[in-house]
Every structure is written in C-alpha cells, then in structure tokens.
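Take a look at the structure below.
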Amino acid sequence: MELCRLEKVSKTYEVGDAVCPIHELSLTINAGDFLAIEGPSGTGKSTLLYLMSGLLRPTQGDVFLQNQNLSTLPDPVATELRRRMVGFIFQETNLFQALTVEGNLRFVQSLGKNKPDGKKIAHYLEELGLSDRHLHLPHQLSVGQRRRLVVARALINDAPLILADEPTNDLDDFWAGKVMELLAGVVEGGGAVVMVTHNYHWARQAQQRYRLQEGRLVLCG
Amino acid sequence: MWFMALENVKRRKGQSMLTVLITALTVLTFVLAFSVLTTLQEGLELSDARLGADIIVLPNKSNADAFQTIFTAEPVNIYMSEELTEQISQVEGVGRLTSQFFTQSLDESCCSLGGASRLVGYDQETDFILKPWLDEQNIERLQDDQIIIGGDVPAFLGNQASVLGEVFTVVGSLYPTGSGMDETIFMNLDVARKLAKDSPYLQTLWSKESPDHLISAILIKVDEGYLATEVATQINELDLTVEAVATSEIVSSMRSQMNIIGQLVLGLWLAVFLVASLALIGRFSALARERKKEIGLMRAIGVQRADVFKLIVLEAWIMAGAGGVLGSILGVLGVQTVLTSLRSSLDLAMGQWSLGSALLSGGLGIAVALGLGFLASVYPAWQSSRLDPQVAMTRGELD
C-alpha cells in the first residue's frame with residue numbers, strides 16, 4: 001500500500017545564490033518500507049523529510065500522502081492528513097515546555113478529538129525509560145530523555161508513516177537500540193519509516209539505504 | 001486546548017501577572033467609574049420619583065437655593081411668613097400644599113446623632129411628603145418627643161437622641177431617597193420652632209422676628225392637568241418675595257450636569273482602556289514572537305490554524321478573566337469608600353449601592369476584561385495561526 005509518493009520534486013532556496021538540495025527527486029514509500037537516508041550535513045536530508053510531510057512545499061513537482069496531492073489540498077485538510085498519517089521525529093528536541101512529559105504525549109493524543117489513552121502513554125514511557133519522569137517538565141530532563149520523549153510523541157498516535165530525523169542523536173547505544181526496535185516495530189505493524197542518519201551502524205538496520213547526492217537519492221550497497 | 005492554555009499561562013508567571021495587573025487596573029477604573037455614575041444617576045431618579053413635591057417655594061433673596069434644599073442636607077436657616085401659604089394656595093393649579101420649618105442641630109449638641117444635621121419641622125395636618133413612609137411604618141402621628149430620621153442618619157429605632165438639648169425617641173427611619181432627606185431629622189413643626197427659639201446658639205436669628213409664625217419652605221403638589229413650571233411661574237408673578245421652582249427643572253438641570261461629568265469620566269476611562277489595549281497588544285505580540293518555535297511545532301504535529309488562534313485568545317482570556325475578576329472585586333470593595341468620600345465632599349444626590357449594583361458592575365467589569373483580552377490578542381493570534389510551521393520551527397527563537 002502506497003503511503004507517500006514524490007514525483008520529480010525539486011526544492012530551491014532563493015537566498016543569495018540559489019541552492020537546490022532536492023532536484024527532480026521521485027520516490028515511493030509503501031507500507032512495510034524502512035528507508036535510511038545518509039549523506040553529509042547540509043545536503044538536504046531534513047529538507048526531504050519536510051517535503052514528505054507537507055511541512056515544506058516543493059518548488060517543483062508533487063508530493064502525495066495517501067494518494068492526495070498535498071499542494072492542491074486546503075490547509076485544514078493537509079494539516080489533518082499530516083496529523084493522521086505522519087509521526088515526525090524532529091532533529092531538534094522541541095517539546096511543549098509548559099507541559100509535563102505525560103502532558104506532551106496526552107496533548108498529541110488529544111488532537112483530532114481523540115480521547116487520550118493512558119495505557120498507551122504508560123507503555124511508551126515504559127519502553128523509553130521515562131516512567132519515573134512522567135511528571136517532569138521538559139527542562140528538567142536530560143538531552144537524551146528529551147530525545148526519547150520526541151520519539152514517543154511521534155509514535156503515540158500510531159501514524160503509518162514515521163519520518164525520523166536523526167532519531168538516535170544524543171542517545172547511548174542502549175537507548176538508540178531501543179528506538180531502532182520501536183521503529184522496526186512500526187514497519188512490522190504495517191507502517192513505514194524514513195530515517196535520516198549519519199550513523200552507519202543504525203542505517204544498516206534499514207531495508208534500503210540511500211545517499212542523498214546532488215539533490216537525488218542514490219541507492220547504497 | 002484549555003489545559004494547554006492554562007499551563008502556558010502558569011509557566012510564564014511574571015508575564016502573566018503583569019497582564020493580569022494591567023487588566024485588573026483597567027477593570028478597577030471601569031467598575032469605579034461605572035458604579036459612581038450609576039449611583040449618581042440612580043440618586044437623581046430616586047430624588048425625582050420620591051421627592052413628592054412638584055414645586056418648592058423658598059424665601060426670595062435667601063442664600064439657599066432649591067437645589068441645595070432638595071439634594072443636600074446642609075442646614076439652611078431661611079424663613080418667610082406662614083401667611084404666604086394662604087395666598088399661594090389660591091393660585092390656580094395648586095393642589096396640595098404643606099409647609100416646613102428648617103433649623104439645625106449643632107456639632108456639639110448631639111450625642112447619638114453626630115454633626116450639624118438639618119432639622120425639619122413638618123406640618124402633620126397638611127403633609128404629603130413624609131406620609132407615604134409614615135403609612136408604611138404604621139405611624140399615624142408623631143408625638144412631640146418623637147423624631148423620624150433620614151435613611152443615612154446613623155441611629156437605630158428606639159434610640160434616645162439628644163437634639164439641641166432635648167431628648168427624643170427615634171420612631172422611624174425613612175427609605176433612602178438619594179436626596180438631602182436622607183440626612184435630615186424630622187419632627188413636629190411646632191417642636192422644631194420651639195427648639196430653634198430656645199436654643200442659645202440660634203438666638204441671633206430671632207432678633208427681628210420670633211419663629212412662631214415662620215416657615216422655611218412650601219412644598220406643592222399641582223392638580224392633575226397642570227404643568228408644574230407654569231404654576232411656579234404664576235406663583236412668582238404674585239410678587240410675594242418668594243421663589244417658586246419646579247422640582248423637575250432642578251432635576252433636569254442636575255441631569256445635564258451629570259451627563260457632562262459622565263462624558264468626562266467615560267472619556268478618561270476610554271483613554272485608560274486604549275492605553276491598556278496598546279500595552280496588552282504589545283505584550284501578546286511579543287509573546288507570539290517569542291513562541292514562534294512552539295507554535296510551529298504545534299502546526300507541524302497537526303494542530304489546525306483555527307486551534308492556534310483559539311489557544312492564543314484563550315490564554316489572553318484566562319489572564320484577562322483573572323484580571324477582570326480581581327479588578328471587579330477590588331472595584332466593588334472600593335466603591336463604597338469612593339461614594340462615601342464623594343458624599344462627604346460634594347453636594348450630590350446618590351442612590352444606594354446594593355448587592356445588585358455590585359453584581360452588575362462586577363459582571364460588566366469581567367465582560368470588559370474579556371473584551372480587552374480579545375481585542376489585544378486577536379491580531380497576534382491571527383499572525384501566529386498564519387505562521388509557516390517549518391519556518392517557525394527552524395527560525396523561531398529558542399523557547
């Protein structure tokens with residue numbers, strides 16, 4: 001089942017000299033896919049994830065989420081589609097500073113008029129070693145704990161497509177392994193994961209590895 | 001969204017307190033201004049409705065005027081001959097007519113009733129001013145040692161009160177009228193005359209004429225179908241060295257003065273409201289800029305623009321609401337002090353400050369606060385809701 005499709009997508013940044021990190025890139029992500037995208041910093045890996053989620057509009061080409069062209073959808077429909085379809089693990093550990101660990105997850109669950117599911121929250125907190133921190137505010141957590149919370153937030157709504165931007169950053173091997181396990185679980189459950197990483201070790205766990213080179217994806221080994 | 005808004009407000013304690021304070025001060029000024037103006041307005045209406053007389057006749061060339069006589073309890077020692085009532089009663093349109101004799105207590109001479117109060121002797125045979133109250137309190141006639149006190153005179157029923165050296169029993173307390181009657185002590189006409197005549201402090205007034213046949217004011221009710229102003233003109237044309245004034249004219253003149261004061265107070269309050277609005281718009285705009293990253297994140301995870309707008313307005317409403325409640329409570333608590341101070345320093349008719357008035361002012365104060373909160377947050381909320389999530393997250397200032 002197709003979850004996301006990019007058709008000849010280009011993105012150009014017109015700041016000073018034009019920069020084109022993504023150039024006529026086409027890609028289809030189906031349920032069950034686990035893709036790793038590698039490449040040096042500044043090559044446009046994060047930009048690609050933003051384009052897939054609809055958070056960034058392409059300069060050329062089209063992005064489809066669940067066969068719906070994001071560039072033709074009105075904002076409320078595109079926002080709702082993104083909420084349902086995409087779980088985004090951002091590179092930055094940005095969290096709602098006013099809410100506790102549990103509150104951050106509860107808030108995301110409550111979007112789309114869903115009832116918060118305490119059991120699921122407890123499950124992810126347990127899995128990611130945050131149970132004893134559930135009433136802490138984000139600024140009371142270590143960087144690694146915040147990273148794990150960002151992962152939990154992306155997974156909590158069972159979105160079929162997980163876009164993970166450096167999900168193992170700031171984590172020791174144990175917790176990085178745990179995060180990779182959870183991502184693999186998404187794929188096993190019928191979802192798909194697109195992961196951007198610099199880490200060769202973790203990238204090797206994906207089914208397919210790509211390198212972003214001159215705006216295009218090149219399949220690795 | 002409520003929970004998120006509440007937590008955001010709690011998180012920025014200092015800034016939230018500032019917003020609450022600005023709103024509270026704005027609402028406080030509103031509640032005070034609104035309450036004072038409505039109390040004054042109500043006083044005027046009460047005076048108009050309960051005055052009982054359509055025309056008041058006072059000695060001409062006296063220092064007192066009709067306004068002072070009706071709306072203040074200032075002791076006035078003005079007198080004219082009792083015989084004038086006969087001539088005035090002949091004027092066409094004069095229906096009922098009664099006379100009153102004014103004198104005063106002295107600061108030193110009252111034990112229970114403090115200060116220099118106006119003493120009014122009224123004619124029990126012809127009176128129609130006090131009668132409605134007396135009827136309600138089942139008092140047919142006042143004995144010579146009995147008095148009735150105005151609504152604001154501090155004494156209790158059954159109290160013994162010493163007035164100009166004589167001891168009286170308080171048998172009734174009038175309902176508030178918002179006029180000078182509220183601070184007046186009423187007694188029999190002849191008793192008042194005798195008190196004035198015997199008081200060593202007032203002897204200078206009787207060097208030319210004994211008070212036995214003097215009166216201070218004639219109060220007239222016109223017959224149905226006659227205009228009070230026309231009847232007053234006819235009385236003035238009799239050349240009796242008296243001045244007849246229709247009470248409606250006094251009330252109307254008072255009302256126009258009140259309107260000017262009202263407009264002035266409203267103008268000043270609007271200036272306060274404008275300054276507060278600008279301050280809060282600045283506050284919420286800064287807050288929205290500061291929270292770009294957070295709002296970008298919300299949009300990125302699927303929060304709708306309308307919900308971002310709602311969140312910012314909701315936060316503003318929580319703070320403004322708290323400020324509104326605080327300002328209203330402070331305003332309601334402070335109104336009585338302001339009214340008391342106004343009563344003692346200005347000759348103004350005032351209505352009664354009641355629980356109903358407090359609830360109305362407080363409720364309006366909270367509504368004003370919510371309006372202020374909406375006005376101040378609507379543009380920043382709209383701006384925030386239009387933010388591009390990716391740009392906001394990557395360029396927004398760190399939270």
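We label chains A, B, ... in the order they appear in the structure tokens, count residues from 1 in each chain, and number ligands from 1 in the order shown.
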
Using only C-alpha atoms, find each residue in chain A having at least one atom no more than 8 Å away from chain B; report its shortest atom-to-atom pair and that distance in Å (one decimal), rows by chain then rising number, as a tab-separated table.
residue	atom	partner	partner_atom	distance
A:Tyr50	CA	B:Gln390	CA	7.6
A:Leu55	CA	B:Gln390	CA	5.7
A:Leu56	CA	B:Gln390	CA	6.5
A:Pro76	CA	B:Gln304	CA	6.2
A:Thr79	CA	B:Gly302	CA	5.2
A:Glu80	CA	B:Gly302	CA	5.9
A:Arg82	CA	B:Gly302	CA	6.1
A:Arg83	CA	B:Gly302	CA	4.3
A:Gly87	CA	B:Ile301	CA	7.6
A:Phe88	CA	B:Ile301	CA	7.5
A:Asn94	CA	B:Leu297	CA	7.4
A:Leu95	CA	B:Glu294	CA	7.5
A:Phe96	CA	B:Glu294	CA	6.6
A:Gln97	CA	B:Asp399	CA	7.9
A:Ala98	CA	B:Asn8	CA	5.3
A:Leu99	CA	B:Glu7	CA	6.6
A:Phe107	CA	B:Met4	CA	7.8
A:Val108	CA	B:Ile301	CA	7.5
A:Leu111	CA	B:Val303	CA	6.9

Okay, now the selection with C-alpha atoms, as a short mmCIF file (atom, residue, chain, number, x, y, z; two decimals), in the first residue's frame?
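Contents of part17.cif, freshly written:
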data_model
loop_
_atom_site.label_atom_id
_atom_site.label_comp_id
_atom_site.auth_asym_id
_atom_site.auth_seq_id
_atom_site.Cartn_x
_atom_site.Cartn_y
_atom_site.Cartn_z
CA TYR A 50 9.88 18.15 5.49
CA LEU A 55 5.64 20.95 6.08
CA LEU A 56 7.61 22.33 3.16
CA PRO A 76 -7.03 22.36 7.19
CA THR A 79 -2.97 19.54 8.38
CA GLU A 80 -5.43 16.82 9.33
CA ARG A 82 -0.43 15.12 8.26
CA ARG A 83 -1.71 14.55 11.77
CA GLY A 87 4.75 10.89 13.01
CA PHE A 88 7.72 13.23 12.82
CA ASN A 94 11.47 20.63 20.63
CA LEU A 95 8.74 19.98 23.19
CA PHE A 96 5.92 21.92 24.80
CA GLN A 97 7.74 23.47 27.70
CA ALA A 98 4.60 24.14 29.73
CA LEU A 99 3.52 20.52 29.70
CA PHE A 107 -1.72 16.72 24.10
CA VAL A 108 -0.69 14.98 20.88
CA LEU A 111 -5.59 16.22 18.71
#

Practice item. Considering only C-alpha atoms, return as a PyMOL selection string whatever protein or nucleic-acid residues lie within 12 Å of region 10-12 of chain A, sequence-local ones (same chain, fewer than 5 positions apart) excluded. Key: chain A and resi 17-26+43-52+56-63+214-216

**Study point:** Atom-to-atom span, CA of Val245 (chain B) and CA of Asp135 (chain B), Å
**Key:**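 We find that CA of Val245 (chain B) and CA of Asp135 (chain B) lie 27.7 Å from each other.
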
Point to revise | A:Val143, A:Met195, A:Leu171, A:Leu105 ranked by distance to Gly39 (chain A), top pick (using only C-alpha atoms) | key: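 Distance minimum relative to Gly39 (chain A) lands on A:Met195.
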
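Among B:Ile312, B:Gly363, B:Ala228, B:Ile185, the residue with the shortest atom-to-atom distance to Ser248 (chain B), counting only C-alpha atoms, is B:Ala228.
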
Practice item. Would you list the contacts of Phe168 (chain B) as a PyMOL selection string, taking every protein, DNA or RNA residue within 8 Å and counting only C-alpha atoms, but skipping same-chain residues closer than 4 positions in sequence? Key: chain B and resi 145-147+160-163

Point to revise | Option closest in space to Gly93 (chain B), from B:Leu28, B:Val231, B:Ile215, B:Leu264 [counting only C-alpha atoms] | key: B:Val231
